[in-house]
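Peer 1: Handing you a structure now.
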Amino acid sequence: MEILSLLGDGILVAVQPLNLLLIFVGVTLGLFIGAMPGLGSVNGVAILLPITFLVPPGSAIIFLAAIYYGAMYGGAISSITLGIPGASTAVATTFDGRPLALQGKARLALVAAAIASFVGGTVSVVLFTGFAPLLATVALSFGPPEIFALMLLAFATFVGLGGDDIAKTVFSICFGLVLATVGFDQISGAPRLVLFEMNGFLGGISFLVLAIGVYGIGEMIWTIESTRGEVTNTEAKISVKGIFEDTGTTFKKGWKGMSIGSFLGFFVGVLPAAGATPASLMSYGVTKMISKRPDDFGKGHVGGVAAPEAANNSASTGSMLPMLTLGIPGSPTTAILLGGMVIWGLTPGPRLFVEQSDFVWGLIGSFYVSNFFAVIVNLAFIPLFIWMLRMPFTVLAPLIFVLSVVGGYAAMQDMFDIWLLLIFGFGAFFLRKFDYPVAPAVLAIVLGPIAEPTLRQSLLLSSGDPAIFFNRPISAPIMIVAIILILMPAFKYLRPRRAKPAE
Amino acid sequence: MNILKTLAFGIAALGLTAPAAMAEWQPRKPIDFVIMAGPGGGADQIARFIQSVAEKKDMTSRPLIPNNKGGGSGAEALIWLNTASDPDHTILVTLNSFFSTPIRQPDLGIDIQNFTPIAMMGVDPFALWVQKDSGIETFEQWVETVKAADGEYTTGGTGTGQEDSIVFAYLNNAFDLKSKYIPFDGGGAVAAALAGKQIMATVNNPAEARGFFQSGDVRPLLVFSDEQMSAYPDIPTLKEKGHDFSYYNQRAVVGAPGMSDEAAAYYQKLFEDIFNSEEWQGYLEAESLSPLWMNPEEQRAYWQLQVENHTKLLAGMK
Amino acid sequence: MRVGEIVTAGVLALLSIYLMYKASANGIGFVAKTGPQGGFWPFWLSLGMLISTGFIALNWVRGTSPQSQSDEPVLDSYGLKTLLLVGGGIIGFVALIDIVSMYGAVAIFMLYYLKVLGRHGWFLTSMMVLLFPLGLFFFFEGLMQISMPTGMGFTEPVFNVLYEIIY
């Protein structure tokens, strides 16, 4: 009961007129920042940090959290309408969101994303309110072996994602994982794979450069070429009634995905090294796996939008937890929020909940209120995004190309990366022509940078003994499940191949 | 920024002071404020703090725009400055990789003496940390424990060649110790790995370990500053243990090579004002940093000294 | 298509070999006591890439992949035209950034695409050419505080006026 009264006070703080206005402005700004490919919550939060000096710290962090929430909703918009995952957390949303938009069901996809985000956000704040201190302890016990096991599990849930040609899928995965290692070897401290001795590779290859190149340039040119320029645009009518109908459809077809996303997302998000991206990918994979008709995924299944969107919002709330209670940021955005707290003279750490309980509960209260506002604002703007999609394709296409280049530059602020983005784009166009699946490479460049260091940290801890993954109580079961999942489709694939020569 | 400021004005109904008196040289476009580390670390926090002070007091006519270039242990940032197309609008927040990275990677062709000294904002000390329930209470006990573990003792830090690994390497040489060193992604992750008992000891800045120190999860055994630190009473320095070694992380601002004298003078004045501000002095105090103000000539001499020290320390790591 | 398939596999195989060569500089072994070296992960995965291209080639020889049986050209005349006009336009756009600034390049690219490729009317074209880059400028420089390339020196007077407006 004490928690409820603290939470009540917190919500009262959040609905003070100043804070309410900040939340409203924050989610709206965040929505548009998140919708811009290349920009994400990290940009919004970083840039708005200084102006928060004009308001009290409590209100400031509420404002920043509102932007964070808004941007999480916004990420789905670029995945669905433009087909470019603007942030790594929205990669999984493109898998089904884009096909839905191409089938003229963009409104359904956008509504499903908004509703699922709301459900995920709400479930996660409730979990946050109830179990924060307990979960902080669990998060601390996740060391490198546990995180590696989790990454393997994330991969395992995606084994079936590739195309029909196994060799090409394997190529794509390996290529993504190799690209992820370019730049600098964190463990030995030495430069690595600085291709053609070009210094631009020292900073590594960002996920965004590959994703924007592949989807924003490669897929776009492929679409124009393969449809002979006759791209069918969405015909979705805009009406309030339609939005309500779509909400119903979302609950009916996407409830499984939403529930999985909400819970799995939160628990993965709480883990310091993991965060929202693996959370959304795993939720998508698990939802697909337990679905009765997994083949519908990737072709425009509402559950395929709902699961990752519920998960990434849920995980974003989750990743606030290690930041507040442990002082470890689970994502670049929370890292900047952490910096903000330091500037305001608040020390994140185990004592924060005790010593700054007004601040903490005000923030938690604002999660509830921000989430509520975010879904309203998001639904209200859906007609605008639909309208954008109804532009003639010869207007929409150059806009997407420009946003890809401008957004790609904004993300890294280096012309080198823009040229690299073009190379990936044209490369992806040709590979697409020969039926190489590109999604596995994009997944690999997201998960690889977490998987490789944790593997090597684990082996350093154990003096090179791989048994470390199997003799720790948390990593062992995760490893075993992951390995079973990876082997299962391999058996399936083996059978038809044996049958082939008989034809 | 105007749009947001106007917005914030409306919300908070607060006024801003008029711009400071006009100096001769003024930036004409946004200032590229490069940070030699990724978002969230100590250097990043300091850069954003500086930016926020400048913003709050409206000290610059064009904003400082933070730009994280942490790749290659700072190599990315150094190259970025070395090849900056507009050196008058490009400045860098540094840490010790400013010295160590060019030594470790001579192929980069970076000579730090070409950079333009601007301001030394302070130095960040280091301490040796263990878990409170490890039972280790003194540095001598720690040395015993590490020796008894015979190479199985696990330490952790931010990476080989980084500041903390240099300190560990010195300790290993000086006390004839052997231990495992696990690199993690940033000081916060290192502190959490210690509190979560993934590793047994760390060398970390006070700011990064503070949350777990206050909660009583970890304790310092030794500090690597010249004198004992007021934040940790009665914790000895390594110098008191008979080894003439102290180690700090520099928190300095430097300009791109080829910056004009007028621009350099402008930034030197700007950062002197920030250094003397109440906010910065409060930050130094709160984060246990030591002020170490230097004029540009002293900074160059300090760079020279640090390059020599790091050459020796890094050579000793092999 | 049939020739293209094997050429692509060949190019990718060469890429894999190059990546293996680069990775080998960091040590590809598994050292007792400390685990894999820096080049271990990229090297063996690049080998995985090489082996995959081997299988792709095998499928080509056996004719089991659809591409290896297709006689369609990789790019017919329409495809080639699209690639040259659209792809070339994008390359031109990026090349122009360093000369006429990001916003200038956006304006020229929009003009090219809307007028030359899209054959839209002058009203729509000129609105997009003027308003879109300007909108981007205020969004990125004003709101997000991200400065884009300003191109060569001659654009400076324009930017000085624009910066004066937003700061």
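Ordered as shown in the structure tokens, chains take letters A, B, and onward, while each chain numbers its residues from 1 and ligands are numbered from 1 in the order shown.
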Near chain A, meaning an atom within 7 Å, which residues of chain B appear when counting only C-alpha atoms? Write them as a ChimeraX atom specification.
Peer 2: /B:5,8,12,14,39-40,45,49,52,55-56,71-72,76,159-161,182-183,188-189,192,196,198,211-212,215
Peer 1: Keeping only C-alpha atoms, take the residues you just selected and write them out as a short mmCIF file (atom, residue, chain, number, x, y, z; two decimals), in the first residue's frame.
Peer 2:
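What follows is the written file out-v8.cif:
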```
data_model
loop_
_atom_site.label_atom_id
_atom_site.label_comp_id
_atom_site.auth_asym_id
_atom_site.auth_seq_id
_atom_site.Cartn_x
_atom_site.Cartn_y
_atom_site.Cartn_z
CA LYS B 5 14.68 28.59 -26.07
CA ALA B 8 11.37 27.06 -22.77
CA ALA B 12 9.28 28.50 -17.57
CA LEU B 14 12.46 32.73 -17.23
CA PRO B 39 27.86 8.84 -24.84
CA GLY B 40 27.55 8.30 -21.10
CA GLN B 45 29.28 13.90 -18.88
CA PHE B 49 28.06 19.75 -18.33
CA SER B 52 25.04 23.26 -20.36
CA GLU B 55 24.11 27.48 -22.65
CA LYS B 56 22.68 28.51 -19.31
CA GLY B 71 35.97 5.00 -31.89
CA GLY B 72 39.43 3.46 -31.81
CA GLU B 76 38.63 8.67 -34.48
CA GLY B 159 40.21 -1.87 -21.86
CA THR B 160 43.86 -2.64 -22.44
CA GLY B 161 45.80 0.58 -22.90
CA ILE B 182 38.53 -8.19 -18.22
CA PRO B 183 37.71 -5.20 -20.42
CA GLY B 188 29.70 2.54 -15.35
CA ALA B 189 29.68 -1.06 -16.60
CA ALA B 192 28.36 -2.56 -11.93
CA GLY B 196 27.50 -7.69 -9.27
CA GLN B 198 31.50 -10.59 -11.88
CA GLY B 211 26.59 5.10 -6.31
CA PHE B 212 27.86 1.74 -5.09
CA SER B 215 25.18 2.11 -0.84
#
```
Peer 1: Mind checking which residues fall within 7 Å of Glu208 (chain B), counting only C-alpha atoms, ignoring those fewer than 4 positions away in the same chain, and posting them as an MDAnalysis selection string?
Peer 2: chainID B and resid 187:188 191 204
Peer 1: Write out as a tab-separated table the residues of chain A that have any atom within 6 Å of an atom of chain C, one row each with the nearest atom pair and its distance in Å to one decimal, counting only C-alpha atoms, sorted by chain and then rising number.
Peer 2:
```
residue	atom	partner	partner_atom	distance
A:Ala167	CA	C:Ser52	CA	4.9
A:Phe171	CA	C:Met49	CA	4.8
A:Cys174	CA	C:Leu45	CA	5.3
A:Val178	CA	C:Pro42	CA	4.9
A:Leu193	CA	C:Lys22	CA	5.5
A:Glu225	CA	C:Gly79	CA	5.5
A:Thr394	CA	C:Gly118	CA	5.2
A:Leu459	CA	C:Gly35	CA	5.3
A:Leu460	CA	C:Thr34	CA	4.9
A:Ser463	CA	C:Lys33	CA	4.0
A:Gly464	CA	C:Gly35	CA	4.4
```
Peer 1: Could you jot down the CA of Val268 (chain A) to CA of Phe251 (chain A) separation for me, Å, one decimal place?
Peer 2: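 Interatomic distance, CA of Val268 (chain A) to CA of Phe251 (chain A): 23.4 Å.
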Peer 1: Give me the residues near Phe40 (chain C) as a ChimeraX atom specification, where near means some atom within 7 Å (using only C-alpha atoms) and where sequence neighbours in that chain fewer than 6 positions away do not count.
Peer 2: /C:27-29
Peer 1: For the residues in the current selection, export N, CA and C atoms as a PDB file, in the first residue's frame.
Peer 2:
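Result written to out14.pdb:
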```
ATOM      1  N   GLY C  27      45.385 -11.748 -35.209  1.00  0.00           N
ATOM      2  CA  GLY C  27      45.557 -13.042 -34.547  1.00  0.00           C
ATOM      3  C   GLY C  27      44.245 -13.788 -34.561  1.00  0.00           C
ATOM      4  N   ILE C  28      44.246 -14.978 -35.133  1.00  0.00           N
ATOM      5  CA  ILE C  28      42.982 -15.679 -35.322  1.00  0.00           C
ATOM      6  C   ILE C  28      42.859 -16.898 -34.423  1.00  0.00           C
ATOM      7  N   GLY C  29      43.828 -17.063 -33.538  1.00  0.00           N
ATOM      8  CA  GLY C  29      43.863 -18.288 -32.750  1.00  0.00           C
ATOM      9  C   GLY C  29      42.971 -18.243 -31.529  1.00  0.00           C
TER      10      GLY C  29
END
```
Peer 1: For CA of Tyr167 (chain C) and CA of Met120 (chain B), quote the distance in Å rounded to one decimal.
Peer 2: 28.1 Å
Peer 1: Please give the complete set of residues from region 82-203 of chain B that DSSP, run on the backbone, assigns to alpha helix (DSSP H), formatted as number ranges by chain.
Peer 2: B: 82, 97-104, 139-149, 163-175, 187-195
Peer 1: Return the single residue from B:Ile166, B:Ile46, B:Ile65, B:Ala54 that is closest to chain C, with distances computed using only C-alpha atoms.
Peer 2: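 Between B:Ile166, B:Ile46, B:Ile65, B:Ala54, the residue approaching chain C most closely is B:Ile65.
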